[in-house]
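Enquirer: If it helps, the file is called upload-v5.cif and holds mmCIF, C-alpha atoms:
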data_target
loop_
_atom_site.label_atom_id
_atom_site.label_comp_id
_atom_site.auth_asym_id
_atom_site.auth_seq_id
_atom_site.Cartn_x
_atom_site.Cartn_y
_atom_site.Cartn_z
CA MET A 191 -0.85 -3.90 -44.07
CA ILE A 192 -1.83 -3.71 -40.40
CA VAL A 193 0.91 -4.09 -37.80
CA TYR A 194 0.85 -4.06 -34.00
CA LEU A 195 3.64 -1.95 -32.51
CA ASP A 196 5.43 -2.90 -29.33
CA THR A 197 6.35 0.02 -27.02
CA SER A 198 10.07 0.07 -27.82
CA VAL A 199 9.44 0.46 -31.56
CA ILE A 200 7.36 3.59 -31.01
CA LEU A 201 9.94 5.06 -28.64
CA SER A 202 12.82 4.34 -31.02
CA TYR A 203 11.19 6.63 -33.62
CA PHE A 204 11.85 9.59 -31.30
CA ASP A 205 14.87 8.35 -29.36
CA GLU A 206 18.07 9.45 -31.09
CA SER A 207 20.07 7.30 -28.65
CA SER A 208 18.44 4.14 -29.98
CA THR A 209 20.22 2.03 -32.59
CA PHE A 210 16.83 1.53 -34.26
CA PHE A 211 16.24 5.30 -34.68
CA PRO A 212 17.20 5.59 -38.39
CA THR A 213 15.11 2.58 -39.46
CA THR A 214 12.00 3.43 -37.48
CA GLN A 215 12.15 7.04 -38.72
CA LYS A 216 11.56 5.69 -42.23
CA LEU A 217 9.46 2.65 -41.38
CA LEU A 218 6.74 4.28 -39.28
CA LYS A 219 6.07 6.91 -41.94
CA PHE A 220 5.83 4.32 -44.70
CA PRO A 221 2.56 4.74 -46.64
CA ASN A 222 -0.02 1.94 -46.55
CA LEU A 223 1.20 0.78 -43.17
CA GLU A 224 -1.61 0.88 -40.61
CA LEU A 225 -0.21 1.15 -37.10
CA ILE A 226 -2.08 -0.13 -34.08
CA THR A 227 -1.27 -0.91 -30.46
CA GLY A 228 -3.00 -1.68 -27.17
CA PHE A 229 -3.58 0.51 -24.11
CA ILE A 230 -0.80 -1.35 -22.26
CA THR A 231 1.59 0.61 -24.52
CA VAL A 232 0.31 3.94 -23.15
CA LEU A 233 0.96 2.70 -19.63
CA GLU A 234 4.43 1.39 -20.49
CA MET A 235 5.43 4.55 -22.38
CA GLU A 236 4.37 6.90 -19.57
CA SER A 237 6.13 4.71 -17.03
CA VAL A 238 9.42 4.58 -18.96
CA ILE A 239 9.43 8.31 -19.80
CA ASN A 240 8.62 9.15 -16.18
CA ARG A 241 11.56 7.21 -14.78
CA SER A 242 13.99 8.46 -17.41
CA PHE A 243 12.72 12.03 -17.23
CA SER A 244 15.66 13.59 -15.40
CA SER A 245 18.20 12.23 -17.90
CA LEU A 246 16.19 13.11 -21.01
CA SER A 247 16.99 16.09 -23.15
CA PHE A 248 14.14 17.11 -25.43
CA GLN A 249 15.23 18.43 -28.79
CA PHE A 250 12.83 21.14 -29.85
CA ASP A 251 12.98 24.86 -30.48
CA LYS A 252 12.94 27.66 -27.90
CA GLU A 253 9.33 28.63 -28.48
CA ALA A 254 8.19 25.07 -27.71
CA ASP A 255 10.55 25.01 -24.75
CA LYS A 256 8.82 27.98 -23.14
CA ILE A 257 5.36 26.50 -23.66
CA PHE A 258 6.53 23.09 -22.41
CA ASP A 259 7.71 24.67 -19.17
CA LEU A 260 4.16 25.83 -18.39
CA LEU A 261 3.29 22.19 -17.71
CA SER A 262 3.86 20.14 -14.56
CA LYS A 263 6.06 17.04 -14.80
CA SER A 264 3.08 14.68 -15.03
CA GLU A 265 1.45 16.86 -17.68
CA LYS A 266 4.69 16.87 -19.68
CA ILE A 267 4.85 13.06 -19.61
CA SER A 268 1.21 12.74 -20.60
CA ALA A 269 1.59 15.34 -23.40
CA ILE A 270 4.71 13.65 -24.81
CA THR A 271 3.11 10.18 -24.76
CA GLU A 272 -0.06 11.45 -26.41
CA TYR A 273 1.98 13.29 -29.03
CA PHE A 274 4.17 10.27 -29.84
CA LEU A 275 1.10 8.14 -30.48
CA THR A 276 -1.01 10.68 -32.35
CA HIS A 277 1.83 12.09 -34.46
CA LEU A 278 2.46 8.62 -35.88
CA GLU A 279 -1.31 8.10 -36.24
CA ILE A 280 -1.15 4.95 -34.14
CA ARG A 281 -4.62 3.66 -33.35
CA ILE A 282 -5.20 2.39 -29.82
CA GLU A 283 -7.46 -0.64 -30.12
CA SER A 284 -9.64 -1.37 -27.13
CA THR A 285 -10.14 -5.03 -26.29
CA ALA A 286 -11.72 -4.70 -22.87
CA SER A 287 -14.05 -7.51 -22.02
CA ILE A 288 -14.45 -9.72 -19.00
CA GLU A 289 -13.96 -13.46 -18.81
CA LYS A 290 -14.33 -15.94 -15.98
CA TYR A 291 -11.30 -17.46 -14.29
CA GLN A 292 -11.95 -20.37 -12.01
CA MET A 293 -9.97 -20.92 -8.86
CA ARG A 294 -11.02 -23.82 -6.58
CA GLY A 295 -14.56 -23.58 -7.91
CA VAL A 296 -14.78 -19.82 -7.36
CA LYS A 297 -15.30 -17.84 -10.55
CA ILE A 298 -13.44 -14.56 -10.75
CA ASP A 299 -14.00 -11.80 -13.31
CA VAL A 300 -10.76 -11.06 -15.17
CA TYR A 301 -9.89 -8.93 -18.18
CA ASN A 302 -9.68 -11.05 -21.32
CA THR A 303 -6.18 -9.75 -22.13
CA PHE A 304 -4.86 -11.03 -18.78
CA GLN A 305 -6.57 -14.38 -19.35
CA THR A 306 -5.00 -14.69 -22.83
CA ALA A 307 -1.60 -13.64 -21.46
CA LEU A 308 -1.92 -16.41 -18.88
CA ARG A 309 -2.74 -18.99 -21.55
CA ILE A 310 0.20 -17.91 -23.75
CA ASN A 311 2.59 -17.87 -20.82
CA ARG A 312 1.70 -21.35 -19.59
CA ASP A 313 3.51 -22.75 -22.61
CA LEU A 314 6.05 -20.09 -23.42
CA GLY A 315 7.11 -18.66 -20.06
CA LEU A 316 7.58 -15.11 -21.31
CA ARG A 317 8.09 -12.06 -19.12
CA THR A 318 4.80 -10.67 -17.80
CA LEU A 319 4.73 -7.48 -19.88
CA ASP A 320 5.79 -9.35 -23.04
CA ALA A 321 2.88 -11.73 -22.53
CA ILE A 322 0.40 -8.88 -21.94
CA GLN A 323 1.57 -7.05 -25.08
CA ILE A 324 1.26 -10.19 -27.20
CA ALA A 325 -2.11 -11.03 -25.65
CA SER A 326 -3.26 -7.53 -26.52
CA ALA A 327 -2.36 -8.12 -30.19
CA VAL A 328 -4.06 -11.53 -30.15
CA GLU A 329 -7.24 -10.07 -28.67
CA ILE A 330 -7.29 -7.27 -31.27
CA ARG A 331 -7.07 -9.91 -33.98
CA ILE A 332 -9.71 -12.23 -32.53
CA LEU A 333 -12.13 -9.92 -30.72
CA ASN A 334 -11.94 -6.85 -32.96
CA LYS A 335 -11.41 -8.92 -36.11
CA VAL A 336 -8.44 -6.82 -37.15
CA ASN A 337 -6.07 -8.59 -39.52
CA VAL A 338 -2.81 -8.00 -37.61
CA GLU A 339 -0.08 -9.29 -39.92
CA PHE A 340 2.94 -8.61 -37.74
CA PHE A 341 3.83 -7.87 -34.14
CA VAL A 342 6.66 -5.37 -34.57
CA THR A 343 9.18 -5.50 -31.76
CA ASN A 344 12.90 -5.19 -31.23
CA ASP A 345 12.79 -7.25 -28.09
CA LYS A 346 15.28 -10.11 -28.45
CA ILE A 347 13.38 -12.52 -26.19
CA ILE A 348 10.11 -12.13 -28.11
CA LEU A 349 11.92 -12.46 -31.45
CA GLN A 350 13.69 -15.62 -30.24
CA ASN A 351 10.23 -17.12 -29.54
CA LYS A 352 8.95 -16.34 -33.04
CA GLN A 353 8.08 -19.93 -34.01
CA ASN A 354 6.44 -20.78 -30.71
CA LEU A 355 4.40 -17.57 -30.70
CA PHE A 356 3.09 -18.27 -34.17
CA GLN A 357 2.16 -21.83 -33.25
CA LYS A 358 0.52 -20.85 -29.98
CA ALA A 359 -1.08 -17.48 -30.74
CA ARG A 360 -0.97 -17.03 -34.54
CA ILE A 361 1.08 -13.88 -34.05
CA VAL A 362 4.20 -13.24 -36.13
CA PRO A 363 6.84 -11.19 -34.32
CA ILE A 364 9.17 -9.24 -36.60
CA SER A 365 11.95 -6.74 -35.91
CA SER A 366 11.70 -3.21 -37.30
CA GLU A 367 14.79 -3.92 -39.43
CA ASP A 368 13.23 -7.05 -40.97
CA LEU A 369 9.92 -5.30 -41.62
CA ALA A 370 11.79 -2.47 -43.33
CA ARG A 371 13.46 -5.10 -45.54
CA VAL A 372 10.12 -6.82 -46.30
CA LEU A 373 8.57 -3.48 -47.30
CA ASP A 374 11.72 -2.33 -49.08
CA VAL A 375 11.77 0.89 -47.04
CA MET B 97 -18.79 27.70 -1.08
CA THR B 98 -22.16 27.00 -2.65
CA MET B 99 -24.11 24.12 -1.19
CA ALA B 100 -26.62 21.76 -2.75
CA ASN B 101 -29.47 19.94 -0.98
CA ILE B 102 -29.44 16.21 -1.60
CA PRO B 103 -32.20 14.08 -0.08
CA ILE B 104 -30.73 10.78 1.13
CA LYS B 105 -32.22 7.75 2.81
CA LEU B 106 -30.28 6.14 5.64
CA SER B 107 -31.04 2.98 7.56
CA ASN B 108 -32.38 3.43 11.07
CA ALA B 109 -29.23 1.76 12.38
CA ASP B 110 -27.01 4.34 10.68
CA VAL B 111 -29.18 7.23 11.93
CA LYS B 112 -28.81 5.87 15.46
CA LYS B 113 -25.04 5.81 15.10
CA ILE B 114 -24.98 9.38 13.77
CA ASP B 115 -27.23 10.55 16.60
CA TYR B 116 -24.89 8.88 19.06
CA LEU B 117 -21.88 10.74 17.58
CA VAL B 118 -23.83 14.01 17.97
CA LYS B 119 -24.87 13.10 21.51
CA ILE B 120 -21.30 12.47 22.67
CA GLY B 121 -20.23 15.77 21.13
CA ARG B 122 -18.14 14.47 18.26
CA PHE B 123 -20.30 16.57 15.91
CA LYS B 124 -22.62 19.51 16.51
CA SER B 125 -25.48 18.19 14.41
CA ARG B 126 -26.59 15.34 12.14
CA ASN B 127 -25.89 17.65 9.21
CA GLN B 128 -22.30 18.29 10.26
CA ALA B 129 -21.73 14.60 11.05
CA ILE B 130 -22.91 13.38 7.66
CA ARG B 131 -21.00 16.10 5.81
CA SER B 132 -17.80 15.39 7.70
CA LEU B 133 -18.03 11.62 7.18
CA ILE B 134 -18.65 12.07 3.44
CA ASN B 135 -15.71 14.49 3.19
CA LYS B 136 -13.42 12.00 4.91
CA SER B 137 -14.39 9.22 2.49
CA LEU B 138 -13.95 11.50 -0.52
CA GLU B 139 -10.48 12.51 0.71
CA GLU B 140 -9.47 8.84 0.69
CA GLU B 141 -10.34 8.69 -3.02
CA SER B 142 -8.72 12.05 -3.76
CA PHE B 143 -6.45 10.72 -6.51
CA LEU B 144 -9.59 10.20 -8.60
CA PHE B 145 -10.41 13.89 -8.36
CA GLU B 146 -7.06 15.47 -9.10
CA GLU B 147 -7.76 18.90 -10.50
CA GLU B 148 -6.79 19.18 -14.12
CA ASN B 149 -4.98 22.22 -15.38
CA PRO B 150 -7.75 24.08 -17.29
CA LYS B 151 -5.15 25.31 -19.79
CA PHE B 152 -3.66 21.84 -20.40
CA ASP B 153 -5.50 21.21 -23.68
CA SER B 154 -4.76 24.63 -25.17
CA ILE B 155 -1.07 24.37 -24.17
CA LYS B 156 -0.90 20.91 -25.76
CA ASP B 157 -2.48 22.23 -28.98
CA LYS B 158 0.17 24.96 -29.24
CA LEU B 159 2.99 22.51 -28.49
CA TYR B 160 1.75 19.91 -30.96
CA ARG B 161 1.52 22.51 -33.74
CA ILE B 162 5.17 23.46 -33.17
CA TRP B 163 6.31 19.84 -32.84
CA ASP B 164 4.42 18.95 -36.04
CA ASN B 165 6.23 21.73 -37.91
CA LYS B 166 9.65 21.56 -36.35
CA GLY B 167 9.85 18.02 -34.97
CA ILE B 168 10.71 16.55 -31.57
CA THR B 169 13.32 13.99 -30.69
CA LEU B 170 14.95 12.93 -27.44
CA LYS B 171 18.56 12.59 -26.41
CA PHE B 172 20.08 11.36 -23.22
CA LEU B 173 22.22 13.46 -20.95
CA GLY B 174 25.24 11.79 -19.38
CA ASP B 175 25.26 8.01 -19.34
CA GLY B 176 21.49 7.43 -19.18
CA ILE B 177 20.29 4.35 -21.02
CA SER B 178 18.04 4.86 -24.03
CA LEU B 179 14.26 4.63 -23.58
CA VAL B 180 14.23 1.54 -25.75
CA ASP B 181 16.75 -0.20 -23.48
CA ARG B 182 14.74 0.95 -20.46
CA VAL B 183 11.65 -0.87 -21.78
CA SER B 184 13.68 -4.06 -22.06
CA LYS B 185 15.23 -3.68 -18.60
CA ASP B 186 11.81 -3.02 -17.06
CA ARG B 187 10.41 -6.16 -18.55
CA GLU B 188 13.26 -8.15 -17.02
CA ARG B 189 12.10 -6.99 -13.61
CA PHE B 190 8.57 -8.35 -13.97
#
Can you turn what I pasted into structure tokens?

Expert:
Amino acid sequence: MIVYLDTSVILSYFDESSTFFPTTQKLLKFPNLELITGFITVLEMESVINRSFSSLSFQFDKEADKIFDLLSKSEKISAITEYFLTHLEIRIESTASIEKYQMRGVKIDVYNTFQTALRINRDLGLRTLDAIQIASAVEIRILNKVNVEFFVTNDKIILQNKQNLFQKARIVPISSEDLARVLDV
Amino acid sequence: MTMANIPIKLSNADVKKIDYLVKIGRFKSRNQAIRSLINKSLEEESFLFEEENPKFDSIKDKLYRIWDNKGITLKFLGDGISLVDRVSKDRERF
């Protein structure tokens, strides 16, 4: 089964403060579950870790602590993000292509993911980053022909729009708790 | 600093402007003028050329081996909100 992971689900695997920590610890290591996401997730993860950096306490042993301190702050953030994604064997699917957007007869080159986010949002009025994440999953399904069965998120607003998102974009949002139940994790 | 010779073609109009800058004493020569103007433009794009730590990859390899064996999790100090809640709050702001 192939599932697209929203940023918060990946972070909750490592974040002991999250209420979803116990479930995602089991879920994201479940065999036969192929994990994918879009590049927007890398951007969002680095951004969130960066701004929370001073209040984060990393739980690892003293040897790692010494090595970690050889890195600058930006290198630490990049190393952590890369590790989170690669440790869970999450595949970043690229969907970069250019489409035309017409504005008063002038055609502008725009990234397809932004164009799809715009189309989704015209009907559903989601928050910008929600729409970009969902558009990324839609583009992976259509452009890369990847059979994305679920969009795994713990975001209440996305989950509340489950029906509409399926009707509009053929994407099925599911919480990590519900997916764990479906898979009997 | 080692230097490389790069043959470039400039429009006559640009050569005239460079010669004028040399004539009024802004630069000592055409060579210095062109080099200085290129340097200035490159400085404006400096974020594209940030020097990478040559040891970054080897440090990451060591770290990842330890993290793979012994694990890594995060906790919050004080009353910081969890990363997961931060994602949600950020999205509210867009």

Enquirer: Give the residues of chain A that lie within 8 Å of chain B; count only C-alpha atoms, and format the answer as number ranges by chain.

Expert: A: 197-199, 201-202, 204-208, 234, 238-239, 242, 245-251, 254, 257-258, 260-261, 265, 269, 273, 277, 317-320, 345

Enquirer: With the PyMOL selection byres ((chain B and resi 126) around 12) as the selection, what would be picked from this file? Answer as a ChimeraX atom specification, please.

Expert: /B:106,110-119,121-125,127-133

Enquirer: Taking 3 positions as the minimum chain separation for residues in the same chain, which residues sit within 8 Å of Lys358 in chain A when counting only C-alpha atoms? Answer as a list of chain:residue names.

Expert: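 Using only C-alpha atoms, the neighbours found are A:Ile310, A:Asn354, A:Leu355.
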
Enquirer: Using the file's own x, y and z axes, so that the box edges lie along x, y and z, what centre and edge lengths in Å (one decimal) does a box around every listed atom of range 154-171 of chain B get when 4 Å is added on each side? Give it as JSON.

Expert:
{"center_x": 6.9, "center_y": 18.8, "center_z": -31.0, "size_x": 31.3, "size_y": 20.4, "size_z": 21.7}

Enquirer: Applying the PyMOL selection byres ((chain A and resi 220) around 12) to the file I just gave you, which residues come out? Please list them as a list in words.

Expert: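 Applying the expression gives Met191, Ile192, Val193, Thr213, Thr214, Gln215, Lys216, Leu217, Leu218, Lys219, Pro221, Asn222, Leu223, Glu224, Leu225, Leu278, Glu279, Leu369, Ala370, Leu373, Asp374 and Val375 of chain A.
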
Enquirer: One decimal, Å: what's the distance from CA of Ser287 in chain A over to CA of Glu329 in chain A, could you say?

Expert: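 Interatomic distance here is 9.9 Å.
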
Enquirer: How far is it from CA of Lys263 in chain A to CA of Phe243 in chain A, in Å with one decimal?

Expert: 8.7 Å

Enquirer: Measuring atom to atom with only C-alpha atoms, identify which of A:Ile226, A:Ile324, A:Val300, A:Leu333 is nearest to Pro363 in chain A.

Expert: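 Ranked by minimum distance to Pro363 in chain A, first place goes to A:Ile324.
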
Enquirer: Using Å and a single decimal, report how far CA of Ser264 in chain A sits from CA of Ile282 in chain A.

Expert: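 Separating CA of Ile282 in chain A from CA of Ser264 in chain A is a distance of 20.9 Å.
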
Enquirer: How would you write, as a short mmCIF file (atom, residue, chain, number, x, y, z; two decimals) with C-alpha atoms, in the frame of the given file, the residues chosen by the PyMOL selection byres ((chain A and resi 365) around 6) on this structure?

Expert:
data_model
loop_
_atom_site.label_atom_id
_atom_site.label_comp_id
_atom_site.auth_asym_id
_atom_site.auth_seq_id
_atom_site.Cartn_x
_atom_site.Cartn_y
_atom_site.Cartn_z
CA VAL A 342 6.66 -5.37 -34.57
CA THR A 343 9.18 -5.50 -31.76
CA ASN A 344 12.90 -5.19 -31.23
CA ILE A 364 9.17 -9.24 -36.60
CA SER A 366 11.70 -3.21 -37.30
CA GLU A 367 14.79 -3.92 -39.43
CA ASP A 368 13.23 -7.05 -40.97
#
